[in-house]
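Structure file upload.cif; described as mmCIF, C-alpha atoms and all ligand atoms.
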data_protein
#
loop_
_atom_site.label_atom_id
_atom_site.label_comp_id
_atom_site.auth_asym_id
_atom_site.auth_seq_id
_atom_site.Cartn_x
_atom_site.Cartn_y
_atom_site.Cartn_z
CA MET P 1 107.08 108.51 121.57
CA ALA P 2 109.45 109.67 118.88
CA LYS P 3 107.85 112.30 116.74
CA THR P 4 108.87 112.78 113.14
CA VAL P 5 107.60 116.11 112.01
CA THR P 6 107.77 116.19 108.26
CA LYS P 7 107.39 119.64 106.83
CA SER P 8 106.44 119.64 103.19
CA ALA P 9 108.50 121.52 100.63
CA GLY P 10 105.32 123.11 99.27
CA LYS P 11 104.48 124.45 102.71
CA SER P 12 107.87 125.90 103.53
CA ALA P 13 107.90 127.54 100.13
CA THR P 14 104.53 129.10 100.89
CA GLN P 15 105.69 130.12 104.33
CA ALA P 16 108.79 131.75 102.89
CA LYS P 17 106.66 133.48 100.29
CA THR P 18 104.25 134.75 102.94
CA LYS P 19 107.02 136.13 105.09
CA ALA P 20 108.83 137.69 102.16
CA ALA P 21 105.63 139.24 100.85
CA ALA P 22 104.48 140.49 104.25
CA LYS P 23 107.67 142.27 105.28
CA PRO P 24 108.19 144.55 102.30
CA ALA P 25 104.51 145.55 102.37
CA VAL P 26 104.71 146.71 105.99
CA LYS P 27 108.13 148.30 105.40
CA ALA P 28 106.95 150.15 102.32
CA ALA P 29 103.96 151.51 104.19
CA ALA P 30 106.16 152.72 107.06
CA LYS P 31 108.57 154.31 104.60
CA ALA P 32 105.90 156.01 102.57
CA ALA P 33 104.25 157.62 105.59
CA PRO P 34 106.94 160.14 106.58
CA LYS P 35 107.21 161.15 102.92
CA ALA P 36 103.54 162.01 102.95
CA GLY P 37 104.46 164.45 105.68
CA ALA P 38 101.56 163.68 108.00
CA LYS P 39 102.05 161.62 111.13
CA ALA P 40 98.44 160.55 111.08
CA ALA P 41 98.84 159.17 107.56
CA ALA P 42 101.47 156.73 108.76
CA LYS P 43 99.04 154.77 110.88
CA PRO P 44 96.30 154.06 108.39
CA ALA P 45 98.88 153.05 105.77
CA ALA P 46 100.53 150.59 108.12
CA GLN P 47 97.17 149.33 109.37
CA LYS P 48 95.95 148.85 105.84
CA SER P 49 98.85 146.61 104.93
CA ALA P 50 98.75 144.62 108.17
CA PRO P 51 95.53 142.65 107.57
CA LYS P 52 96.80 141.73 104.09
CA ALA P 53 99.87 140.13 105.59
CA LYS P 54 97.73 138.39 108.21
CA SER P 55 95.21 136.95 105.78
CA ALA P 56 98.07 135.53 103.68
CA LYS P 57 99.18 133.43 106.65
CA LYS P 58 98.37 129.77 106.18
CA PRO P 59 96.22 128.11 108.83
CA ALA P 60 98.16 125.65 110.98
CA LEU P 61 97.29 121.98 110.94
CA LYS P 62 98.52 119.16 113.18
CA LEU P 63 98.23 115.86 111.39
CA SER P 64 99.10 112.34 112.54
CA MET P 65 99.58 110.15 109.50
CA LEU P 66 101.03 107.00 107.96
CA LYS P 67 102.92 107.53 104.72
CA PRO P 68 102.03 104.31 102.83
CA SER P 69 98.28 104.77 103.33
CA VAL P 70 95.91 106.23 100.76
CA ASN P 71 93.46 107.24 103.51
CA ASN P 72 96.27 109.42 104.79
CA MET P 73 97.40 110.45 101.34
CA THR P 74 93.92 111.92 100.84
CA VAL P 75 94.27 114.38 103.73
CA ARG P 76 97.93 115.06 103.01
CA VAL P 77 97.09 116.03 99.40
CA PHE P 78 94.15 118.15 100.54
CA ALA P 79 96.23 119.93 103.19
CA ARG P 80 98.86 120.85 100.62
CA ALA P 81 96.41 121.78 97.87
CA ALA P 82 94.41 123.98 100.25
CA GLY P 83 97.59 125.66 101.52
CA PHE P 84 97.61 124.60 105.16
CA ASP P 85 100.74 124.94 107.22
CA ALA P 86 100.65 121.25 108.10
CA ALA P 87 102.91 119.71 110.71
CA GLU P 88 102.85 115.99 110.02
CA THR P 89 103.67 113.44 112.70
CA ASP P 90 104.48 109.97 111.45
CA ALA P 91 102.36 107.66 113.62
CA TRP P 92 103.94 104.44 112.32
CA GLY P 93 104.02 101.95 115.22
CA HIS P 94 102.33 104.37 117.63
CA THR P 95 98.63 104.17 116.82
CA ARG P 96 97.99 101.66 119.61
CA SER P 97 100.21 103.31 122.20
CA PRO P 98 98.42 104.37 125.42
CA GLU P 99 99.00 108.06 124.54
CA TYR P 100 97.47 107.72 121.09
CA LEU P 101 94.57 105.55 122.30
CA ALA P 102 93.77 108.06 125.02
CA ARG P 103 93.14 110.65 122.33
CA ASN P 104 91.84 108.36 119.62
CA PRO P 105 90.31 105.06 120.84
CA ALA P 106 89.77 104.02 117.21
CA HIS P 107 93.60 104.03 116.78
CA LEU P 108 93.23 105.45 113.30
CA THR P 109 95.09 107.80 111.06
CA PRO P 110 94.73 110.31 109.53
CA MET P 111 93.93 112.28 112.65
CA ILE P 112 94.01 116.03 113.13
CA GLU P 113 94.23 117.97 116.37
CA ASP P 114 92.24 121.16 116.64
CA LYS P 115 91.26 123.08 119.74
CA GLY P 116 87.88 123.92 118.23
CA LEU P 117 86.81 120.26 118.24
CA PRO P 118 84.76 119.00 121.21
CA ARG P 119 87.22 116.13 121.81
CA GLY P 120 90.27 117.93 120.45
CA VAL P 121 90.86 115.42 117.65
CA LEU P 122 89.15 114.23 114.48
CA TRP P 123 89.72 111.11 112.38
CA GLU P 124 88.18 109.78 109.13
CA SER P 125 89.73 111.30 106.03
CA CYS P 126 86.49 112.61 104.54
CA ALA P 127 85.25 114.10 107.83
CA ILE P 128 88.61 115.86 108.23
CA MET P 129 88.42 117.42 104.77
CA GLN P 130 84.78 118.40 105.27
CA TYR P 131 85.57 120.01 108.62
CA LEU P 132 88.58 121.94 107.38
CA ALA P 133 86.80 123.07 104.23
CA ASN P 134 83.80 124.22 106.32
CA LYS P 135 85.94 125.95 108.90
CA HIS P 136 88.06 127.84 106.40
CA GLY P 137 85.43 128.42 103.72
CA LEU P 138 87.22 126.37 101.07
CA GLU P 139 84.35 126.25 98.64
CA LYS P 140 86.60 125.44 95.71
CA PHE P 141 87.10 121.98 97.22
CA TYR P 142 83.71 121.57 98.90
CA PRO P 143 80.88 123.66 97.46
CA LYS P 144 78.47 125.28 99.87
CA ALA P 145 75.32 125.01 97.77
CA PRO P 146 73.36 122.09 99.29
CA ALA P 147 72.71 120.21 96.04
CA LYS P 148 76.32 120.45 94.85
CA ARG P 149 77.63 119.58 98.29
CA ALA P 150 75.31 116.57 98.47
CA MET P 151 76.89 115.12 95.34
CA ILE P 152 80.37 115.42 96.84
CA ASP P 153 79.14 113.81 100.06
CA SER P 154 77.39 111.03 98.15
CA ALA P 155 80.54 110.28 96.14
CA MET P 156 82.64 110.13 99.31
CA PHE P 157 80.21 107.94 101.27
CA TYR P 158 79.88 105.66 98.25
CA LEU P 159 83.65 105.41 98.09
CA ILE P 160 84.13 104.63 101.77
CA GLY P 161 81.15 102.27 101.98
CA THR P 162 81.33 100.45 98.66
CA LEU P 163 84.46 100.97 96.57
CA TYR P 164 87.06 101.07 99.33
CA PRO P 165 86.16 97.69 100.89
CA TYR P 166 86.69 96.04 97.48
CA VAL P 167 89.96 97.90 96.98
CA ALA P 168 91.12 96.87 100.44
CA ARG P 169 90.22 93.19 99.96
CA ALA P 170 91.93 93.18 96.56
CA THR P 171 95.10 95.04 97.53
CA TYR P 172 95.77 94.58 101.26
CA PRO P 173 97.12 91.02 100.85
CA ALA P 174 99.67 92.34 98.33
CA LEU P 175 100.44 95.41 100.45
CA GLY P 176 101.02 93.27 103.54
CA PHE P 177 98.27 95.10 105.43
CA PRO P 178 96.03 93.21 107.86
CA GLN P 179 92.50 92.50 106.64
CA TYR P 180 89.32 93.03 108.59
CA ALA P 181 87.78 90.48 110.94
CA GLY P 182 85.14 88.40 109.22
CA GLU P 183 86.84 88.56 105.82
CA VAL P 184 88.28 85.44 104.18
CA GLY P 185 91.68 87.09 104.08
CA HIS P 186 91.57 87.53 107.84
CA SER P 187 90.52 83.94 108.51
CA ASP P 188 92.56 80.75 108.62
CA ALA P 189 91.14 79.62 105.27
CA ASN P 190 93.66 77.96 102.96
CA PRO P 191 95.67 80.14 100.54
CA ASP P 192 93.54 79.07 97.56
CA LYS P 193 90.37 80.31 99.24
CA LYS P 194 92.06 83.57 100.16
CA SER P 195 93.29 84.05 96.62
CA GLU P 196 89.79 83.33 95.29
CA ALA P 197 88.35 85.99 97.64
CA GLN P 198 90.99 88.49 96.57
CA LYS P 199 90.18 87.86 92.90
CA ALA P 200 86.46 88.27 93.56
CA ALA P 201 87.10 91.63 95.22
CA MET P 202 89.28 92.68 92.29
CA ALA P 203 86.52 91.78 89.85
CA ALA P 204 83.98 93.74 91.89
CA ILE P 205 85.90 97.04 91.60
CA ALA P 206 84.88 97.75 88.00
CA GLU P 207 81.21 98.43 88.70
CA PRO P 208 81.50 101.13 91.41
CA LEU P 209 84.46 102.61 89.55
CA GLU P 210 82.31 103.11 86.48
CA VAL P 211 79.66 104.78 88.66
CA PHE P 212 82.17 107.48 89.55
CA HIS P 213 82.78 108.02 85.86
CA SER P 214 79.29 107.89 84.44
CA PHE P 215 77.27 109.28 87.32
CA PHE P 216 79.44 111.49 89.51
CA ARG P 217 81.71 112.95 86.83
CA ASP P 218 78.95 112.97 84.25
CA GLY P 219 81.13 114.41 81.49
CA LYS P 220 82.89 116.92 83.73
CA PRO P 221 86.68 116.82 84.17
CA PHE P 222 86.21 116.16 87.89
CA ILE P 223 83.40 115.25 90.27
CA GLY P 224 83.77 118.81 91.50
CA GLY P 225 83.47 120.27 87.99
CA LYS P 226 86.45 122.15 86.57
CA ASN P 227 88.48 121.71 89.72
CA PRO P 228 89.15 118.66 91.86
CA SER P 229 86.90 118.54 94.92
CA ILE P 230 87.57 116.65 98.13
CA ALA P 231 85.71 113.69 96.58
CA ASP P 232 88.14 113.72 93.64
CA ILE P 233 91.14 113.77 95.95
CA ARG P 234 89.62 110.87 97.88
CA LEU P 235 88.98 108.86 94.69
CA ALA P 236 92.33 109.47 93.01
CA ALA P 237 94.23 108.58 96.19
CA THR P 238 92.22 105.35 96.57
CA LEU P 239 93.02 104.28 93.01
CA GLU P 240 96.76 104.61 93.72
CA PHE P 241 96.67 101.31 95.64
CA LEU P 242 95.53 99.40 92.56
CA ALA P 243 99.04 99.59 91.10
CA VAL P 244 100.16 96.95 93.59
CA ILE P 245 97.99 94.32 91.89
CA ASP P 246 98.58 95.65 88.34
CA TYR P 247 94.90 96.42 88.10
CA ALA P 248 94.08 97.49 84.55
CA LEU P 249 92.47 100.86 85.13
CA PRO P 250 90.12 101.97 82.35
CA LYS P 251 91.51 104.71 80.11
CA TRP P 252 89.23 107.35 81.62
CA ALA P 253 90.55 106.59 85.12
CA GLN P 254 94.18 106.81 83.99
CA GLU P 255 93.49 110.17 82.35
CA TYR P 256 91.49 111.35 85.35
CA MET P 257 94.31 110.55 87.77
CA ALA P 258 96.84 112.24 85.50
CA ALA P 259 94.58 115.31 85.28
CA ILE P 260 94.30 115.56 89.07
CA GLU P 261 98.04 115.25 89.46
CA LYS P 262 98.58 117.88 86.78
CA LYS P 263 96.09 120.25 88.38
CA LEU P 264 97.36 119.83 91.95
CA GLY P 265 101.02 119.43 91.08
CA LYS P 266 103.38 118.92 93.99
CA ALA P 267 100.46 118.92 96.44
CA TYR P 268 99.44 115.60 94.89
CA ALA P 269 102.78 114.25 93.74
CA GLU P 270 104.56 114.47 97.07
CA PRO P 271 102.14 112.36 99.20
CA ALA P 272 101.52 110.09 96.18
CA GLY P 273 105.27 109.53 96.06
CA ASP P 274 105.16 108.02 99.53
CA VAL P 275 102.38 105.59 98.55
CA ARG P 276 104.10 104.73 95.26
CA GLY P 277 107.40 104.29 97.04
CA TYR P 278 105.81 101.83 99.45
CA ILE P 279 104.20 99.91 96.57
CA ALA P 280 107.55 99.74 94.77
CA TYR P 281 109.10 98.45 97.98
CA VAL P 282 106.57 95.66 98.57
CA ARG P 283 106.79 94.65 94.94
CA SER P 284 110.57 94.45 95.10
CA GLN P 285 110.27 92.31 98.23
CA ALA P 286 107.80 89.98 96.51
CA LYS P 287 110.19 89.52 93.59
CA ALA P 288 113.29 89.07 95.74
CA PRO P 289 114.52 85.48 95.96
CA ALA P 290 113.71 83.86 99.32
N1 LIG P 301 87.94 105.23 106.77
C1 LIG P 301 89.13 105.70 107.43
C2 LIG P 301 90.17 104.60 107.41
C3 LIG P 301 91.36 104.92 108.28
C4 LIG P 301 92.32 103.76 108.39
O1 LIG P 301 91.98 102.60 108.09
N2 LIG P 301 93.55 104.08 108.84
C5 LIG P 301 94.57 103.06 108.98
C6 LIG P 301 95.68 103.28 107.98
S1 LIG P 301 95.09 103.02 106.35
C7 LIG P 301 95.23 103.18 110.35
O2 LIG P 301 95.50 104.26 110.80
N3 LIG P 301 95.51 102.04 111.00
C8 LIG P 301 96.26 102.02 112.20
C9 LIG P 301 95.63 101.15 113.27
O3 LIG P 301 94.50 100.68 113.10
O4 LIG P 301 96.27 100.96 114.29
C10 LIG P 301 89.63 106.99 106.73
O5 LIG P 301 89.27 107.20 105.58
O6 LIG P 301 90.33 107.79 107.35
#
Write out the structure in this file as structure tokens.
Ligand SMILES: N[C@@H](CCC(=O)N[C@@H](CS)C(=O)NCC(=O)O)C(=O)O
Amino acid sequence: MAKTVTKSAGKSATQAKTKAAAKPAVKAAAKAAPKAGAKAAAKPAAQKSAPKAKSAKKPALKLSMLKPSVNNMTVRVFARAAGFDAAETDAWGHTRSPEYLARNPAHLTPMIEDKGLPRGVLWESCAIMQYLANKHGLEKFYPKAPAKRAMIDSAMFYLIGTLYPYVARATYPALGFPQYAGEVGHSDANPDKKSEAQKAAMAAIAEPLEVFHSFFRDGKPFIGGKNPSIADIRLAATLEFLAVIDYALPKWAQEYMAAIEKKLGKAYAEPAGDVRGYIAYVRSQAKAPA
């Protein structure tokens, strides 16, 4: 299986920064010690600077992903925003290979590999973010206080269970993605019926979307408060797909997405660029003369 390891610009910049910052600190400590004239003083100085350099090191992350997917975009944005040293493997065309299925019988991406996990791998975008935030104490993205955390969890479950199925039924036909068994779009119904079902799904998006605004955000810039939480990353990424059907997002949602992108910068823009690039591609194909 050909592996494409894509290393993000943000990450290599951080890596370079870490290395550059770590070296002079250790060097300076070693230099300063002889000047102090005491051999014993050299050790504590060097030891003091060592943990600093170590704690600045970004935790490694092995991620299998698909670039056009917003489920994957979610974890890719989070990994960058939280400063992971993420090695991304493009799983396009490999999710049903015997090797992949042996590790992940659900054949899904995003998937992370982590020795600490009982089965060595973890899929489901929200579970991945929850796990990594728990493991590394990333409270900025996933608050620890039970009541606050419950709201983030509720928003994410509501998204996966209610909003996302509508988004998928409305956008997958335009994205060229397969639909789920049991849905009209997956059946051999005639094109008019399929189009009717797609329109119904599109119309159904407005209600849960408004719930995120009125209930979960509740006047705050983000669901997470002043900073985007993992629920915000999950929501903003999901809404990216709506561009493929020219869905008229309410003003608040447009501003909300812009605010997340502004706050997270390249961490958001880079994975979003892959999704947007794919949307631009499918749209250009749809317009191209047969
Ligand atoms: N609820 C899951 C959805 C994951 C999912 O549907 N992944 C798709 C890409 S969007 C996938 O990997 N499909 C490949 C396959 O089924 O073979 C999540 O949020 O992670």
Counting all atoms listed in the file, which residues in chain P sit no more than 7 Å from ligand LIG 301 (chain P)? For each one, give the nearest pair of atoms and the distance in Å, sorted by chain then residue number, as JSON lines.
{"residue": "P:Leu66", "atom": "CA", "partner": "P:LIG301", "partner_atom": "C6", "distance": 6.5}
{"residue": "P:Ser69", "atom": "CA", "partner": "P:LIG301", "partner_atom": "S1", "distance": 4.7}
{"residue": "P:Val70", "atom": "CA", "partner": "P:LIG301", "partner_atom": "S1", "distance": 6.5}
{"residue": "P:Asn71", "atom": "CA", "partner": "P:LIG301", "partner_atom": "O5", "distance": 4.7}
{"residue": "P:Asn72", "atom": "CA", "partner": "P:LIG301", "partner_atom": "O6", "distance": 6.7}
{"residue": "P:Thr95", "atom": "CA", "partner": "P:LIG301", "partner_atom": "O4", "distance": 4.7}
{"residue": "P:Arg96", "atom": "CA", "partner": "P:LIG301", "partner_atom": "O4", "distance": 5.6}
{"residue": "P:His107", "atom": "CA", "partner": "P:LIG301", "partner_atom": "O4", "distance": 4.8}
{"residue": "P:Leu108", "atom": "CA", "partner": "P:LIG301", "partner_atom": "O2", "distance": 3.6}
{"residue": "P:Thr109", "atom": "CA", "partner": "P:LIG301", "partner_atom": "O2", "distance": 3.6}
{"residue": "P:Pro110", "atom": "CA", "partner": "P:LIG301", "partner_atom": "O6", "distance": 5.5}
{"residue": "P:Trp123", "atom": "CA", "partner": "P:LIG301", "partner_atom": "O6", "distance": 6.1}
{"residue": "P:Glu124", "atom": "CA", "partner": "P:LIG301", "partner_atom": "O6", "distance": 3.4}
{"residue": "P:Ser125", "atom": "CA", "partner": "P:LIG301", "partner_atom": "O6", "distance": 3.8}
{"residue": "P:Cys126", "atom": "CA", "partner": "P:LIG301", "partner_atom": "O5", "distance": 6.2}
{"residue": "P:Ile160", "atom": "CA", "partner": "P:LIG301", "partner_atom": "N1", "distance": 6.3}
(Q) For a quick check of understanding, using only C-alpha atoms, which of P:Gln285, P:Met151, P:Gly225, P:Glu240 has the smallest distance to Ala269 (chain P)? (A)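 Looking only at the distances to Ala269 (chain P), the closest residue turns out to be P:Glu240.
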CA of Ala288 (chain P) sits from CA of Gln198 (chain P) at a separation of 22.3 Å
Quiz item: Rounded to one decimal in Å, what is the spacing between CA of Tyr268 (chain P) and CA of Ser214 (chain P)?
Solution: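 That distance, rounded to one decimal, is 24.0 Å.
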Task: Of the listed residues P:Pro178, P:Pro271, P:Gly83, P:Gly161, that which approaches Lys57 (chain P) most closely, counting only C-alpha atoms - done: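 Ranking P:Pro178, P:Pro271, P:Gly83, P:Gly161 by distance to Lys57 (chain P), first place goes to P:Gly83.
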Q | Residue nearest Tyr142 (chain P) among P:Asp188, P:Glu255, P:Glu210, P:Asp232 (counting only C-alpha atoms) | A |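 Going through P:Asp188, P:Glu255, P:Glu210, P:Asp232 one by one, the smallest distance to Tyr142 (chain P) is for P:Asp232.
For the atom pair formed by CA of Thr238 (chain P) and CA of Asp274 (chain P), the distance is 13.5 Å, given to one decimal.
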Of P:Ala237, P:Ala201, P:Ile245, P:Ala168, the one nearest to Ala272 (chain P) when counting all atoms listed in the file is P:Ala237
Hey, could you pull the box centre and edge lengths for region 206-218 of chain P, axis-aligned, 6 Å padding per side, all listed atoms, to one decimal in Å, as lines of an AutoDock Vina configuration file?
center_x = 81.1
center_y = 105.4
center_z = 87.8
size_x = 19.6
size_y = 27.2
size_z = 19.2
Can you patch up region 171-206 of chain P, filling it in to N, CA and C atoms, and show the result as an mmCIF file, in the coordinates of the input?
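File written: out-v7.cif
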data_model
loop_
_atom_site.group_PDB
_atom_site.id
_atom_site.type_symbol
_atom_site.label_atom_id
_atom_site.label_comp_id
_atom_site.auth_asym_id
_atom_site.auth_seq_id
_atom_site.Cartn_x
_atom_site.Cartn_y
_atom_site.Cartn_z
ATOM 1 N N THR P 171 93.697 94.585 97.478
ATOM 2 C CA THR P 171 95.100 95.040 97.530
ATOM 3 C C THR P 171 95.818 94.762 98.860
ATOM 4 N N TYR P 172 95.088 94.717 99.966
ATOM 5 C CA TYR P 172 95.770 94.580 101.260
ATOM 6 C C TYR P 172 96.668 93.339 101.343
ATOM 7 N N PRO P 173 96.218 92.180 100.775
ATOM 8 C CA PRO P 173 97.120 91.020 100.850
ATOM 9 C C PRO P 173 98.468 91.320 100.177
ATOM 10 N N ALA P 174 98.423 92.022 99.041
ATOM 11 C CA ALA P 174 99.670 92.340 98.330
ATOM 12 C C ALA P 174 100.468 93.429 99.046
ATOM 13 N N LEU P 175 99.760 94.307 99.746
ATOM 14 C CA LEU P 175 100.440 95.410 100.450
ATOM 15 C C LEU P 175 101.012 94.961 101.797
ATOM 16 N N GLY P 176 100.568 93.766 102.221
ATOM 17 C CA GLY P 176 101.020 93.270 103.540
ATOM 18 C C GLY P 176 100.272 93.936 104.684
ATOM 19 N N PHE P 177 99.088 94.480 104.386
ATOM 20 C CA PHE P 177 98.270 95.100 105.430
ATOM 21 C C PHE P 177 97.309 94.067 106.012
ATOM 22 N N PRO P 178 96.986 94.162 107.297
ATOM 23 C CA PRO P 178 96.030 93.210 107.860
ATOM 24 C C PRO P 178 94.629 93.442 107.281
ATOM 25 N N GLN P 179 93.885 92.354 107.115
ATOM 26 C CA GLN P 179 92.500 92.500 106.640
ATOM 27 C C GLN P 179 91.552 92.541 107.820
ATOM 28 N N TYR P 180 90.294 92.816 107.516
ATOM 29 C CA TYR P 180 89.320 93.030 108.590
ATOM 30 C C TYR P 180 88.703 91.721 109.062
ATOM 31 N N ALA P 181 88.403 91.664 110.352
ATOM 32 C CA ALA P 181 87.780 90.480 110.940
ATOM 33 C C ALA P 181 86.519 90.126 110.165
ATOM 34 N N GLY P 182 86.332 88.842 109.939
ATOM 35 C CA GLY P 182 85.140 88.400 109.220
ATOM 36 C C GLY P 182 85.389 88.221 107.732
ATOM 37 N N GLU P 183 86.524 88.729 107.239
ATOM 38 C CA GLU P 183 86.840 88.560 105.820
ATOM 39 C C GLU P 183 87.655 87.273 105.640
ATOM 40 N N VAL P 184 87.536 86.687 104.447
ATOM 41 C CA VAL P 184 88.280 85.440 104.180
ATOM 42 C C VAL P 184 89.775 85.657 104.413
ATOM 43 N N GLY P 185 90.254 86.786 103.957
ATOM 44 C CA GLY P 185 91.680 87.090 104.080
ATOM 45 C C GLY P 185 92.159 87.172 105.518
ATOM 46 N N HIS P 186 91.231 87.402 106.422
ATOM 47 C CA HIS P 186 91.570 87.530 107.840
ATOM 48 C C HIS P 186 91.457 86.182 108.549
ATOM 49 N N SER P 187 90.812 85.231 107.874
ATOM 50 C CA SER P 187 90.520 83.940 108.510
ATOM 51 C C SER P 187 91.693 82.963 108.322
ATOM 52 N N ASP P 188 91.511 81.736 108.837
ATOM 53 C CA ASP P 188 92.560 80.750 108.620
ATOM 54 C C ASP P 188 92.234 79.833 107.437
ATOM 55 N N ALA P 189 91.450 80.372 106.494
ATOM 56 C CA ALA P 189 91.140 79.620 105.270
ATOM 57 C C ALA P 189 92.449 79.320 104.527
ATOM 58 N N ASN P 190 92.414 78.300 103.668
ATOM 59 C CA ASN P 190 93.660 77.960 102.960
ATOM 60 C C ASN P 190 93.989 79.022 101.904
ATOM 61 N N PRO P 191 95.241 79.088 101.477
ATOM 62 C CA PRO P 191 95.670 80.140 100.540
ATOM 63 C C PRO P 191 94.837 80.213 99.271
ATOM 64 N N ASP P 192 94.354 79.045 98.783
ATOM 65 C CA ASP P 192 93.540 79.070 97.560
ATOM 66 C C ASP P 192 92.247 79.850 97.769
ATOM 67 N N LYS P 193 91.627 79.617 98.921
ATOM 68 C CA LYS P 193 90.370 80.310 99.240
ATOM 69 C C LYS P 193 90.624 81.814 99.357
ATOM 70 N N LYS P 194 91.735 82.147 99.988
ATOM 71 C CA LYS P 194 92.060 83.570 100.160
ATOM 72 C C LYS P 194 92.308 84.234 98.811
ATOM 73 N N SER P 195 93.006 83.514 97.942
ATOM 74 C CA SER P 195 93.290 84.050 96.620
ATOM 75 C C SER P 195 92.007 84.218 95.813
ATOM 76 N N GLU P 196 91.097 83.260 95.966
ATOM 77 C CA GLU P 196 89.790 83.330 95.290
ATOM 78 C C GLU P 196 89.033 84.589 95.755
ATOM 79 N N ALA P 197 89.048 84.823 97.067
ATOM 80 C CA ALA P 197 88.350 85.990 97.640
ATOM 81 C C ALA P 197 88.984 87.282 97.128
ATOM 82 N N GLN P 198 90.289 87.289 97.058
ATOM 83 C CA GLN P 198 90.990 88.490 96.570
ATOM 84 C C GLN P 198 90.604 88.764 95.109
ATOM 85 N N LYS P 199 90.553 87.701 94.325
ATOM 86 C CA LYS P 199 90.180 87.860 92.900
ATOM 87 C C LYS P 199 88.739 88.348 92.762
ATOM 88 N N ALA P 200 87.869 87.849 93.619
ATOM 89 C CA ALA P 200 86.460 88.270 93.560
ATOM 90 C C ALA P 200 86.345 89.766 93.882
ATOM 91 N N ALA P 201 87.124 90.204 94.861
ATOM 92 C CA ALA P 201 87.100 91.630 95.220
ATOM 93 C C ALA P 201 87.631 92.473 94.061
ATOM 94 N N MET P 202 88.674 91.969 93.432
ATOM 95 C CA MET P 202 89.280 92.680 92.290
ATOM 96 C C MET P 202 88.254 92.839 91.169
ATOM 97 N N ALA P 203 87.518 91.753 90.922
ATOM 98 C CA ALA P 203 86.520 91.780 89.850
ATOM 99 C C ALA P 203 85.368 92.732 90.182
ATOM 100 N N ALA P 204 85.125 92.912 91.481
ATOM 101 C CA ALA P 204 83.980 93.740 91.890
ATOM 102 C C ALA P 204 84.272 95.241 91.793
ATOM 103 N N ILE P 205 85.533 95.604 91.617
ATOM 104 C CA ILE P 205 85.900 97.040 91.600
ATOM 105 C C ILE P 205 85.313 97.776 90.390
ATOM 106 N N ALA P 206 85.259 97.081 89.257
ATOM 107 C CA ALA P 206 84.880 97.750 88.000
ATOM 108 C C ALA P 206 83.528 98.471 88.081
#
